[in-house]
$ cat data-v6.cif   # mmCIF, C-alpha atoms and all ligand atoms
data_target
loop_
_atom_site.label_atom_id
_atom_site.label_comp_id
_atom_site.auth_asym_id
_atom_site.auth_seq_id
_atom_site.Cartn_x
_atom_site.Cartn_y
_atom_site.Cartn_z
CA MET A 8 114.03 160.25 90.06
CA LYS A 9 117.51 159.00 90.66
CA TYR A 10 119.22 162.34 90.02
CA PHE A 11 116.65 164.42 91.93
CA PRO A 12 116.35 162.55 95.24
CA TYR A 13 114.77 163.62 98.51
CA ARG A 14 117.09 163.43 101.50
CA ASP A 15 115.57 164.17 104.91
CA GLY A 16 112.60 165.82 103.23
CA GLN A 17 114.75 168.11 101.09
CA LEU A 18 114.93 167.89 97.30
CA TYR A 19 118.41 167.60 95.83
CA ALA A 20 119.71 168.07 92.30
CA GLU A 21 122.45 165.43 92.25
CA ASN A 22 124.43 166.44 95.37
CA THR A 23 123.15 169.98 95.92
CA PRO A 24 119.99 171.01 97.78
CA VAL A 25 117.61 172.66 95.33
CA SER A 26 116.83 175.36 97.90
CA GLU A 27 120.52 176.42 97.81
CA ILE A 28 120.40 176.78 94.04
CA ALA A 29 117.18 178.81 94.29
CA ALA A 30 118.70 181.05 96.96
CA ARG A 31 121.74 181.68 94.80
CA HIS A 32 120.18 182.01 91.35
CA GLY A 33 116.60 183.03 92.09
CA THR A 34 113.32 181.72 90.71
CA PRO A 35 111.91 180.72 88.31
CA CYS A 36 114.92 178.63 87.47
CA TYR A 37 115.54 175.53 85.38
CA ILE A 38 117.90 172.94 86.83
CA TYR A 39 119.40 170.21 84.63
CA SER A 40 121.29 167.14 85.78
CA ARG A 41 124.29 166.41 83.60
CA GLN A 42 124.40 162.82 84.85
CA ALA A 43 120.75 162.28 83.96
CA LEU A 44 121.07 163.49 80.40
CA GLU A 45 124.34 161.68 79.82
CA GLY A 46 122.85 158.51 81.28
CA ALA A 47 119.95 158.62 78.82
CA PHE A 48 122.26 159.31 75.88
CA ARG A 49 124.50 156.40 76.88
CA GLU A 50 121.48 154.09 76.94
CA TYR A 51 121.02 154.80 73.24
CA GLN A 52 124.71 154.23 72.55
CA GLN A 53 124.78 150.96 74.47
CA ALA A 54 121.64 149.64 72.82
CA LEU A 55 123.19 150.43 69.43
CA SER A 56 126.63 149.03 70.08
CA GLY A 57 127.90 146.72 67.36
CA CYS A 58 125.63 148.41 64.85
CA ASP A 59 126.54 151.27 62.50
CA HIS A 60 124.58 154.16 63.98
CA MET A 61 124.26 157.84 64.72
CA VAL A 62 122.27 159.26 67.64
CA CYS A 63 121.30 162.78 66.62
CA TYR A 64 119.93 164.59 69.64
CA ALA A 65 116.93 166.77 68.67
CA VAL A 66 118.18 170.23 69.57
CA LYS A 67 114.71 171.76 69.81
CA ALA A 68 113.93 169.79 72.97
CA ASN A 69 116.55 171.73 74.94
CA SER A 70 119.12 173.80 73.10
CA ASN A 71 121.12 175.23 75.99
CA LEU A 72 124.79 175.28 74.98
CA ALA A 73 125.82 173.29 78.06
CA VAL A 74 123.35 170.53 77.19
CA LEU A 75 124.67 170.40 73.62
CA ASP A 76 128.25 170.54 74.87
CA ALA A 77 127.77 167.62 77.28
CA LEU A 78 126.21 165.50 74.52
CA ALA A 79 128.79 166.53 71.88
CA ARG A 80 131.54 165.34 74.22
CA LEU A 81 129.89 161.90 74.22
CA GLY A 82 129.96 161.84 70.43
CA ALA A 83 126.37 162.85 69.80
CA GLY A 84 125.11 163.94 66.45
CA PHE A 85 122.36 166.56 66.28
CA ASP A 86 118.99 166.91 64.60
CA ILE A 87 118.33 170.56 63.79
CA VAL A 88 115.32 172.40 62.42
CA SER A 89 116.85 175.82 61.70
CA ALA A 90 120.09 177.63 60.97
CA GLY A 91 119.94 178.99 64.52
CA GLU A 92 120.07 175.48 65.91
CA LEU A 93 123.00 174.69 63.62
CA GLU A 94 124.84 177.75 64.96
CA ARG A 95 124.16 176.53 68.48
CA VAL A 96 125.61 173.11 67.69
CA ILE A 97 128.76 174.74 66.35
CA ALA A 98 128.98 177.15 69.31
CA ALA A 99 128.73 174.17 71.67
CA GLY A 100 131.55 172.27 69.97
CA GLY A 101 129.35 169.83 68.04
CA ASP A 102 130.47 168.19 64.80
CA PRO A 103 128.55 169.45 61.73
CA ALA A 104 129.40 166.20 59.94
CA ARG A 105 127.03 164.51 62.39
CA VAL A 106 124.13 166.89 61.87
CA VAL A 107 120.86 166.07 60.11
CA PHE A 108 118.65 168.97 59.08
CA SER A 109 114.92 168.42 59.55
CA GLY A 110 112.46 171.31 59.29
CA VAL A 111 109.43 171.72 57.06
CA ALA A 112 110.35 174.98 55.33
CA LYS A 113 114.11 175.42 55.10
CA LYS A 114 115.15 178.74 53.60
CA PRO A 115 117.82 178.90 50.87
CA GLU A 116 120.18 180.81 53.18
CA GLU A 117 119.78 178.12 55.84
CA MET A 118 120.58 175.47 53.25
CA ALA A 119 123.66 177.42 52.14
CA LEU A 120 125.03 177.61 55.68
CA ALA A 121 124.42 173.91 56.28
CA LEU A 122 126.14 173.03 52.99
CA GLU A 123 129.12 175.20 53.79
CA LEU A 124 129.51 173.51 57.17
CA GLY A 125 129.20 170.07 55.57
CA ILE A 126 126.26 168.54 57.43
CA ALA A 127 125.51 164.82 57.13
CA CYS A 128 122.08 165.05 55.57
CA PHE A 129 119.14 167.24 54.59
CA ASN A 130 115.86 165.57 55.49
CA LEU A 131 113.67 166.73 52.61
CA GLU A 132 110.03 167.49 53.28
CA SER A 133 108.76 168.08 49.75
CA ALA A 134 109.50 167.84 46.03
CA ALA A 135 109.69 171.64 45.87
CA GLU A 136 112.36 171.74 48.58
CA LEU A 137 114.50 169.31 46.57
CA GLU A 138 114.55 171.70 43.61
CA VAL A 139 115.57 174.66 45.78
CA LEU A 140 118.28 172.64 47.54
CA ALA A 141 119.64 171.38 44.22
CA SER A 142 120.03 174.91 42.93
CA VAL A 143 121.54 176.25 46.17
CA ALA A 144 124.05 173.38 46.14
CA ALA A 145 124.83 173.84 42.43
CA SER A 146 125.57 177.53 42.85
CA ALA A 147 127.79 176.80 45.86
CA GLY A 148 129.61 174.12 43.85
CA ARG A 149 128.68 171.50 46.43
CA VAL A 150 126.78 168.24 46.61
CA ALA A 151 123.94 168.04 49.12
CA LYS A 152 123.32 164.69 50.79
CA VAL A 153 119.61 164.02 51.15
CA SER A 154 117.04 161.79 52.73
CA VAL A 155 113.30 162.03 52.08
CA ARG A 156 111.00 162.35 55.06
CA VAL A 157 108.30 159.81 54.54
CA ASN A 158 104.98 160.12 56.23
CA PRO A 159 104.25 156.44 56.82
CA ASP A 160 100.60 157.06 57.73
CA VAL A 161 100.70 155.35 61.10
CA ASP A 162 98.84 156.51 64.18
CA ALA A 163 101.31 157.31 66.91
CA GLN A 164 98.49 157.21 69.49
CA THR A 165 99.66 160.34 71.21
CA HIS A 166 98.26 163.85 71.63
CA PRO A 167 97.03 165.19 68.24
CA TYR A 168 99.32 168.24 68.46
CA ILE A 169 102.40 166.04 68.73
CA SER A 170 101.31 163.37 66.27
CA THR A 171 103.07 163.89 62.96
CA GLY A 172 102.96 160.61 61.03
CA LEU A 173 99.39 160.63 59.74
CA ARG A 174 98.51 161.45 56.16
CA GLU A 175 96.65 164.57 57.31
CA ASN A 176 99.76 166.15 58.93
CA LYS A 177 101.93 168.76 57.24
CA PHE A 178 105.08 166.69 57.62
CA GLY A 179 106.89 164.62 55.01
CA VAL A 180 105.50 163.03 51.85
CA THR A 181 103.58 159.84 51.12
CA THR A 182 105.53 156.76 50.08
CA GLU A 183 104.30 157.15 46.49
CA GLU A 184 105.44 160.77 46.40
CA ALA A 185 108.74 159.75 48.01
CA LEU A 186 109.45 157.41 45.08
CA ARG A 187 109.00 160.31 42.67
CA VAL A 188 111.22 162.58 44.78
CA TYR A 189 113.98 159.94 44.93
CA ARG A 190 113.85 159.38 41.16
CA ARG A 191 114.17 163.09 40.57
CA ALA A 192 116.94 163.42 43.19
CA ALA A 193 118.92 160.65 41.51
CA GLU A 194 118.98 162.74 38.30
CA LEU A 195 120.38 165.87 39.91
CA GLN A 196 124.13 166.47 39.78
CA SER A 197 124.26 168.51 42.96
CA ILE A 198 122.30 165.95 45.00
CA GLU A 199 123.43 162.68 46.53
CA VAL A 200 120.74 160.36 47.85
CA VAL A 201 121.89 158.84 51.15
CA GLY A 202 118.91 157.91 53.31
CA VAL A 203 115.27 157.87 54.27
CA ASP A 204 113.69 159.26 57.40
CA CYS A 205 110.46 159.58 59.30
CA HIS A 206 109.29 161.03 62.58
CA ILE A 207 105.81 159.92 63.51
CA GLY A 208 105.16 161.90 66.66
CA SER A 209 106.31 162.59 70.17
CA GLN A 210 105.74 161.02 73.58
CA LEU A 211 104.99 157.58 72.09
CA THR A 212 104.45 154.97 74.77
CA GLN A 213 104.24 151.93 72.53
CA ILE A 214 106.76 150.25 70.26
CA SER A 215 104.28 149.06 67.60
CA PRO A 216 103.81 152.37 65.73
CA PHE A 217 107.61 152.65 65.36
CA ILE A 218 107.78 149.10 64.02
CA ASP A 219 104.92 149.74 61.57
CA ALA A 220 106.75 152.83 60.32
CA LEU A 221 110.05 150.95 60.10
CA LYS A 222 108.50 148.22 57.98
CA ARG A 223 107.06 150.77 55.58
CA LEU A 224 110.45 152.42 55.22
CA LEU A 225 112.12 149.06 54.59
CA ASP A 226 109.60 148.30 51.83
CA LEU A 227 110.43 151.63 50.26
CA ILE A 228 114.16 150.95 50.56
CA ASP A 229 113.66 147.64 48.71
CA GLN A 230 111.60 149.27 46.00
CA LEU A 231 114.26 151.94 45.50
CA ALA A 232 117.04 149.33 45.41
CA ASP A 233 115.17 147.57 42.58
CA GLU A 234 115.45 150.83 40.65
CA GLY A 235 119.15 151.13 41.41
CA ILE A 236 118.79 153.76 44.14
CA VAL A 237 120.64 152.36 47.13
CA LEU A 238 120.28 154.03 50.50
CA HIS A 239 122.97 154.14 53.17
CA HIS A 240 120.93 155.05 56.24
CA LEU A 241 117.52 154.74 57.79
CA ASP A 242 116.49 157.45 60.24
CA LEU A 243 113.55 156.58 62.46
CA GLY A 244 113.31 160.06 64.01
CA GLY A 245 112.63 160.72 67.66
CA GLY A 246 109.45 160.34 69.61
CA LEU A 247 110.14 157.82 72.35
CA GLY A 248 108.01 158.79 75.36
CA VAL A 249 108.96 159.26 78.99
CA CYS A 250 107.14 158.80 82.27
CA TYR A 251 105.68 162.08 83.52
CA ARG A 252 102.99 160.53 85.69
CA ASP A 253 102.05 156.89 85.19
CA GLU A 254 102.88 156.34 81.51
CA GLN A 255 104.84 153.17 80.86
CA PRO A 256 106.94 153.83 77.78
CA PRO A 257 109.30 151.10 76.62
CA SER A 258 112.86 151.48 77.83
CA ILE A 259 115.38 152.84 75.34
CA GLY A 260 117.00 149.40 75.26
CA ASP A 261 113.74 147.58 74.51
CA TYR A 262 112.80 150.06 71.81
CA ILE A 263 116.16 149.86 70.05
CA GLY A 264 116.23 146.09 70.51
CA ALA A 265 112.88 145.74 68.72
CA VAL A 266 114.10 147.94 65.87
CA ARG A 267 117.32 145.98 65.49
CA GLU A 268 115.39 142.73 65.39
CA VAL A 269 113.26 143.88 62.46
CA LEU A 270 116.29 145.33 60.71
CA GLY A 271 118.16 142.03 60.90
CA ASP A 272 121.50 142.14 59.13
CA ARG A 273 120.64 144.69 56.49
CA PRO A 274 123.67 146.85 55.77
CA LEU A 275 122.05 150.10 56.84
CA GLN A 276 123.24 152.76 59.23
CA LEU A 277 120.57 153.38 61.87
CA VAL A 278 119.90 156.98 62.82
CA PHE A 279 117.73 158.20 65.68
CA GLU A 280 116.69 161.74 66.60
CA PRO A 281 115.69 161.55 70.27
CA GLY A 282 114.85 164.72 72.14
CA ARG A 283 112.42 164.21 74.98
CA SER A 284 113.75 160.79 76.02
CA ILE A 285 117.19 162.34 76.61
CA VAL A 286 116.32 165.53 78.46
CA ALA A 287 112.75 165.55 79.81
CA ASN A 288 113.51 163.87 83.10
CA ALA A 289 116.91 165.52 83.37
CA GLY A 290 115.30 168.87 84.21
CA LEU A 291 113.28 170.61 86.91
CA LEU A 292 111.63 174.00 86.89
CA ILE A 293 111.79 175.65 90.30
CA THR A 294 109.24 178.25 91.25
CA ARG A 295 108.27 180.13 94.40
CA VAL A 296 104.77 180.49 95.83
CA GLU A 297 104.09 184.22 95.92
CA TYR A 298 100.56 184.09 97.31
CA LEU A 299 97.93 181.59 98.38
CA LYS A 300 94.42 182.48 97.34
CA PRO A 301 91.77 180.07 98.52
CA THR A 302 88.37 180.83 96.96
CA SER A 303 84.99 179.14 97.15
CA GLU A 304 85.64 177.48 93.76
CA HIS A 305 89.34 176.78 93.71
CA ASN A 306 92.39 177.10 95.86
CA PHE A 307 94.95 179.01 93.84
CA ALA A 308 98.64 178.98 94.53
CA LEU A 309 100.08 181.95 92.62
CA VAL A 310 103.65 181.14 91.71
CA ASP A 311 106.43 183.06 89.98
CA ALA A 312 106.73 180.71 86.97
CA ALA A 313 104.16 181.02 84.22
CA MET A 314 103.12 179.77 80.81
CA ASN A 315 105.83 181.93 79.26
CA ASP A 316 108.38 179.77 81.15
CA MET A 317 106.64 176.42 80.62
CA ILE A 318 103.83 176.31 78.10
CA ARG A 319 103.25 172.56 77.87
CA PRO A 320 100.35 172.35 80.35
CA ALA A 321 98.56 175.24 78.60
CA LEU A 322 99.37 174.07 75.05
CA TYR A 323 99.01 170.28 75.24
CA GLN A 324 97.22 169.74 78.54
CA ALA A 325 100.51 168.19 79.63
CA TRP A 326 100.58 166.87 83.20
CA LEU A 327 103.79 167.54 85.10
CA ASP A 328 104.45 166.39 88.63
CA ILE A 329 104.70 169.28 91.11
CA ARG A 330 106.19 168.75 94.55
CA ASN A 331 107.47 170.76 97.47
CA VAL A 332 111.20 171.39 97.42
CA ASN A 333 111.16 171.12 101.20
CA GLU A 334 108.52 168.71 102.43
CA ARG A 335 106.50 170.24 105.24
CA SER A 336 103.68 169.34 107.55
CA ASP A 337 102.75 172.74 108.96
CA GLY A 338 101.22 174.57 105.99
CA HIS A 339 97.83 174.64 104.37
CA ARG A 340 96.99 171.16 103.01
CA ALA A 341 94.47 171.32 100.19
CA SER A 342 93.90 170.66 96.54
CA TRP A 343 95.67 173.51 94.78
CA ASP A 344 95.69 174.93 91.26
CA ILE A 345 99.25 176.05 90.59
CA VAL A 346 98.93 179.16 88.43
CA GLY A 347 101.28 181.84 87.15
CA PRO A 348 101.12 185.64 87.04
CA VAL A 349 100.38 185.89 83.30
CA CYS A 350 97.07 187.47 82.31
CA GLU A 351 95.53 184.39 80.70
CA THR A 352 93.12 181.89 82.20
CA GLY A 353 95.18 179.22 80.44
CA ASP A 354 98.18 180.18 82.53
CA PHE A 355 98.46 177.16 84.79
CA LEU A 356 101.18 174.67 85.57
CA GLY A 357 99.02 172.10 87.29
CA LYS A 358 95.49 171.71 88.60
CA ASP A 359 94.02 169.96 91.64
CA ARG A 360 97.31 169.07 93.26
CA ASP A 361 97.28 167.81 96.83
CA LEU A 362 100.00 169.81 98.48
CA THR A 363 100.77 171.40 101.81
CA LEU A 364 101.68 174.97 100.97
CA HIS A 365 102.81 178.11 102.64
CA GLN A 366 103.49 181.52 101.14
CA GLY A 367 107.14 181.67 100.07
CA ASP A 368 107.50 177.90 99.57
CA LEU A 369 109.54 176.54 96.70
CA LEU A 370 107.95 174.09 94.29
CA ALA A 371 109.65 171.79 91.82
CA ILE A 372 108.02 170.96 88.50
CA PHE A 373 109.41 167.62 87.35
CA GLY A 374 109.93 166.44 83.79
CA ALA A 375 110.69 170.00 82.70
CA GLY A 376 113.94 169.38 80.80
CA ALA A 377 112.36 168.96 77.34
CA TYR A 378 110.25 171.59 75.56
CA GLY A 379 110.43 173.80 78.63
CA PHE A 380 112.95 176.59 78.30
CA THR A 381 113.12 176.25 74.49
CA MET A 382 109.42 177.09 74.20
CA SER A 383 109.62 179.98 76.63
CA SER A 384 108.93 183.58 75.64
CA ASN A 385 108.91 187.12 76.97
CA TYR A 386 105.12 187.31 77.06
CA ASN A 387 104.02 189.93 79.61
CA SER A 388 107.58 191.32 79.35
CA ARG A 389 108.79 188.65 81.70
CA PRO A 390 112.50 187.92 81.55
CA ARG A 391 113.25 184.32 80.64
CA ALA A 392 114.36 182.12 83.51
CA ALA A 393 117.89 181.28 84.58
CA GLU A 394 119.21 177.83 83.67
CA VAL A 395 121.58 175.89 85.89
CA MET A 396 123.34 172.58 85.33
CA VAL A 397 124.40 170.41 88.23
CA ASP A 398 127.21 167.94 87.78
CA GLY A 399 128.03 165.88 90.87
CA ASP A 400 129.02 168.44 93.50
CA SER A 401 129.24 171.33 91.03
CA VAL A 402 126.58 173.83 90.07
CA HIS A 403 127.05 175.81 86.85
CA LEU A 404 124.95 178.76 85.79
CA VAL A 405 124.49 177.92 82.10
CA ARG A 406 122.16 180.77 81.19
CA GLU A 407 121.75 183.99 83.10
CA ARG A 408 118.29 185.19 83.93
CA GLU A 409 117.35 187.82 81.37
CA ARG A 410 117.33 191.47 82.36
CA PHE A 411 115.07 194.21 81.13
CA ALA A 412 117.75 195.37 78.67
CA ASP A 413 117.73 191.91 77.09
CA ILE A 414 113.98 192.05 76.63
CA ILE A 415 113.99 195.32 74.69
CA ARG A 416 117.23 194.72 72.77
CA GLY A 417 116.68 195.66 69.13
CA GLU A 418 113.54 197.70 69.80
CA HIS A 419 113.37 201.39 68.90
CA ARG A 420 111.19 204.31 69.78
CA LEU A 421 109.86 206.49 66.98
CA PRO A 422 112.08 209.28 65.60
CA ASP A 423 111.81 212.60 67.51
CA GLN A 424 109.85 214.48 64.82
CA GLY A 425 106.34 213.30 64.14
C1 LIG B 1 110.70 167.08 67.42
C2 LIG B 1 111.42 166.15 66.53
C3 LIG B 1 112.25 165.17 67.07
C4 LIG B 1 112.39 164.92 68.56
O1 LIG B 1 111.22 164.36 69.08
P1 LIG B 1 111.16 163.83 70.60
O2 LIG B 1 109.75 163.42 70.74
O3 LIG B 1 111.53 164.95 71.47
O4 LIG B 1 112.10 162.68 70.71
C5 LIG B 1 112.98 164.39 66.20
N1 LIG B 1 112.87 164.55 64.84
C6 LIG B 1 112.05 165.48 64.30
C7 LIG B 1 111.99 165.62 62.83
C8 LIG B 1 111.30 166.30 65.13
O5 LIG B 1 110.49 167.20 64.57
#
$ encode --input "data-v6.cif" --output "structure tokens"
Amino acid sequence: MKYFPYRDGQLYAENTPVSEIAARHGTPCYIYSRQALEGAFREYQQALSGCDHMVCYAVKANSNLAVLDALARLGAGFDIVSAGELERVIAAGGDPARVVFSGVAKKPEEMALALELGIACFNLESAAELEVLASVAASAGRVAKVSVRVNPDVDAQTHPYISTGLRENKFGVTTEEALRVYRRAAELQSIEVVGVDCHIGSQLTQISPFIDALKRLLDLIDQLADEGIVLHHLDLGGGLGVCYRDEQPPSIGDYIGAVREVLGDRPLQLVFEPGRSIVANAGLLITRVEYLKPTSEHNFALVDAAMNDMIRPALYQAWLDIRNVNERSDGHRASWDIVGPVCETGDFLGKDRDLTLHQGDLLAIFGAGAYGFTMSSNYNSRPRAAEVMVDGDSVHLVRERERFADIIRGEHRLPDQG
């Protein structure tokens, strides 16, 4: 972890001790490294240099405005799945002309906003969506640029909940159905066909499923060209995995290199929608040990972060590395279950971790930058955590910890009478 090094037994976020950030901003607290996320984004750019491309960061992985801002300044495009994410991109200074709109059930009002802002492409998920988009565009007097999300029926070999490219998933359409959707799209005045896309899953650790999907999309592109429907871009989605524990995903460079090799010199713009591979390892979640509770069955460390802050272990059995912020030798060394205060047995951050702990210690949960804060909630009326971004010697608070008033905003008691 280049951007989260230990120096003399103390964990740093770039150049600042994590314990200083925790003292100043409290816990639980997310810490992001600007250098780490920019470094990952630049790897995509470098691997794609000399090739017409667009790297559209998947906003859902981490949608903090500072994260979007940092990436927008590097020329990132954005992959969105809702109007809210589009508003975030705009609020962060992103360019709507570099936005692609994924999302399985776009509402007409979301389409209208995206059309008004002039996004690059709507990634269609069904024949029915095409009809709605065509009429929204026609009544706005605009032309909607579209791609069809193809479900290439390849096994991403990842966790079933984050595998999206099999026939049985709700995402996209089969290649046969895609042909019909393209033919229909080509007839519609308010629609311009520009690309094809897929997204076969997340946390992929092998290149071969991507290549299988790519080849199926290229076959479809050829078939469409024979019918006079010529596509401008090919969007391979996101999904590249990261190392949380001992996974060995391909590097960004190797992955892109393999894609470029198969693509050869076809005159297609390449689009990617990476989320996790940009932000996962650019973030930590910091939590404090409130109590130690050794029992005859388990040793529990009760910490102040919970499944409402980081749901991935509970939802996907995700394994995240948990380490002491300040390494110590004098505490209670044991195998600990790191659990939160939420009233659910599933509320754990890690199980059977060999750690030396002491009440009041700070712990760092690594690999927390993607699908961490964005999946957090107010369950148990817990305020959502603070978010901080470090940048060299600077520390910026990029989201304040919620207060009680934030939690009940928009709620109302019953009227007096009755
Ligand atoms: C979630 C998602 C992504 C990002 O996936 P990562 O695994 O985080 O890279 C990209 N495109 C689509 C359509 C998605 O749903």
$ residues_near_ligand --input "data-v6.cif" --ligand "ligand LIG 1 (chain B)" --cutoff "6 Å" --atoms "only C-alpha atoms and all ligand atoms" --output "PDB file with C-alpha atoms, in the coordinates of the input"
ATOM      1  CA  ALA A  65     116.930 166.770  68.670  1.00  0.00           C
ATOM      2  CA  ALA A  68     113.930 169.790  72.970  1.00  0.00           C
ATOM      3  CA  SER A 109     114.920 168.420  59.550  1.00  0.00           C
ATOM      4  CA  HIS A 206     109.290 161.030  62.580  1.00  0.00           C
ATOM      5  CA  SER A 209     106.310 162.590  70.170  1.00  0.00           C
ATOM      6  CA  GLN A 210     105.740 161.020  73.580  1.00  0.00           C
ATOM      7  CA  GLY A 244     113.310 160.060  64.010  1.00  0.00           C
ATOM      8  CA  GLY A 245     112.630 160.720  67.660  1.00  0.00           C
ATOM      9  CA  GLY A 246     109.450 160.340  69.610  1.00  0.00           C
ATOM     10  CA  LEU A 247     110.140 157.820  72.350  1.00  0.00           C
ATOM     11  CA  GLU A 280     116.690 161.740  66.600  1.00  0.00           C
ATOM     12  CA  PRO A 281     115.690 161.550  70.270  1.00  0.00           C
ATOM     13  CA  GLY A 282     114.850 164.720  72.140  1.00  0.00           C
ATOM     14  CA  ARG A 283     112.420 164.210  74.980  1.00  0.00           C
ATOM     15  CA  SER A 284     113.750 160.790  76.020  1.00  0.00           C
TER      16      SER A 284
END
$ residues_around --input "data-v6.cif" --residues "Tyr51 in chain A" --least-positions-apart "3" --cutoff "9 Å" --atoms "all atoms listed in the file" --output "list in words"
Ala47, Phe48, Ala54, Leu55, Ser56, Val62, Ile259, Gly260, Ile263 and Phe279 of chain A
$ residues_near_point --input "data-v6.cif" --point "(119.4, 172.4, 86.2)" --cutoff "8 Å" --atoms "only C-alpha atoms" --output "JSON, numbers by chain"
{"A": [20, 36, 37, 38, 39, 40, 289, 290, 291, 292, 394, 395, 396, 397]}
$ closest_atom_pairs --input "data-v6.cif" --of "range 134-163 of chain A" --to "range 85-107 of chain A" --cutoff "10 Å" --atoms "only C-alpha atoms" --output "CSV"
residue,atom,partner,partner_atom,distance
A:Lys152,CA,A:Val107,CA,9.7
A:Val153,CA,A:Val107,CA,9.3
A:Ser154,CA,A:Val107,CA,9.3
$ write_last_selection --input "data-v6.cif" --atoms "C-alpha atoms" --output "mmCIF file, in the coordinates of the input"
data_model
loop_
_atom_site.group_PDB
_atom_site.id
_atom_site.type_symbol
_atom_site.label_atom_id
_atom_site.label_comp_id
_atom_site.auth_asym_id
_atom_site.auth_seq_id
_atom_site.Cartn_x
_atom_site.Cartn_y
_atom_site.Cartn_z
ATOM 1 C CA LYS A 152 123.320 164.690 50.790
ATOM 2 C CA VAL A 153 119.610 164.020 51.150
ATOM 3 C CA SER A 154 117.040 161.790 52.730
#
$ atom_distance --input "data-v6.cif" --atom1 "CA of Phe380 in chain A" --atom2 "CA of Arg295 in chain A"
17.1 Å
$ closest_residue --input "data-v6.cif" --among "A:Gly84, A:Gly125, A:Pro216, A:Gly57" --to "Val278 in chain A" --atoms "all atoms listed in the file"
A:Gly84
$ atom_distance --input "data-v6.cif" --atom1 "CA of Gln366 in chain A" --atom2 "CA of Val349 in chain A"
18.6 Å
$ atom_distance --input "data-v6.cif" --atom1 "CA of Ala43 in chain A" --atom2 "CA of Ala371 in chain A"
16.6 Å
$ residues_around --input "data-v6.cif" --residues "Phe355 in chain A" --least-positions-apart "5" --cutoff "6 Å" --atoms "all atoms listed in the file" --output "PyMOL selection string"
chain A and resi 345-347
$ residues_around --input "data-v6.cif" --residues "Gln324 in chain A" --least-positions-apart "2" --cutoff "10 Å" --atoms "all atoms listed in the file" --output "PyMOL selection string"
chain A and resi 166+318-322+326-327+353+355-357
$ residues_around --input "data-v6.cif" --residues "Thr34 in chain A" --least-positions-apart "2" --cutoff "8 Å" --atoms "all atoms listed in the file" --output "list in words"
Ala29, His32, Cys36, Ile293, Thr294, Arg295, Asp311, Ala312, Ala392 and Ala393 of chain A
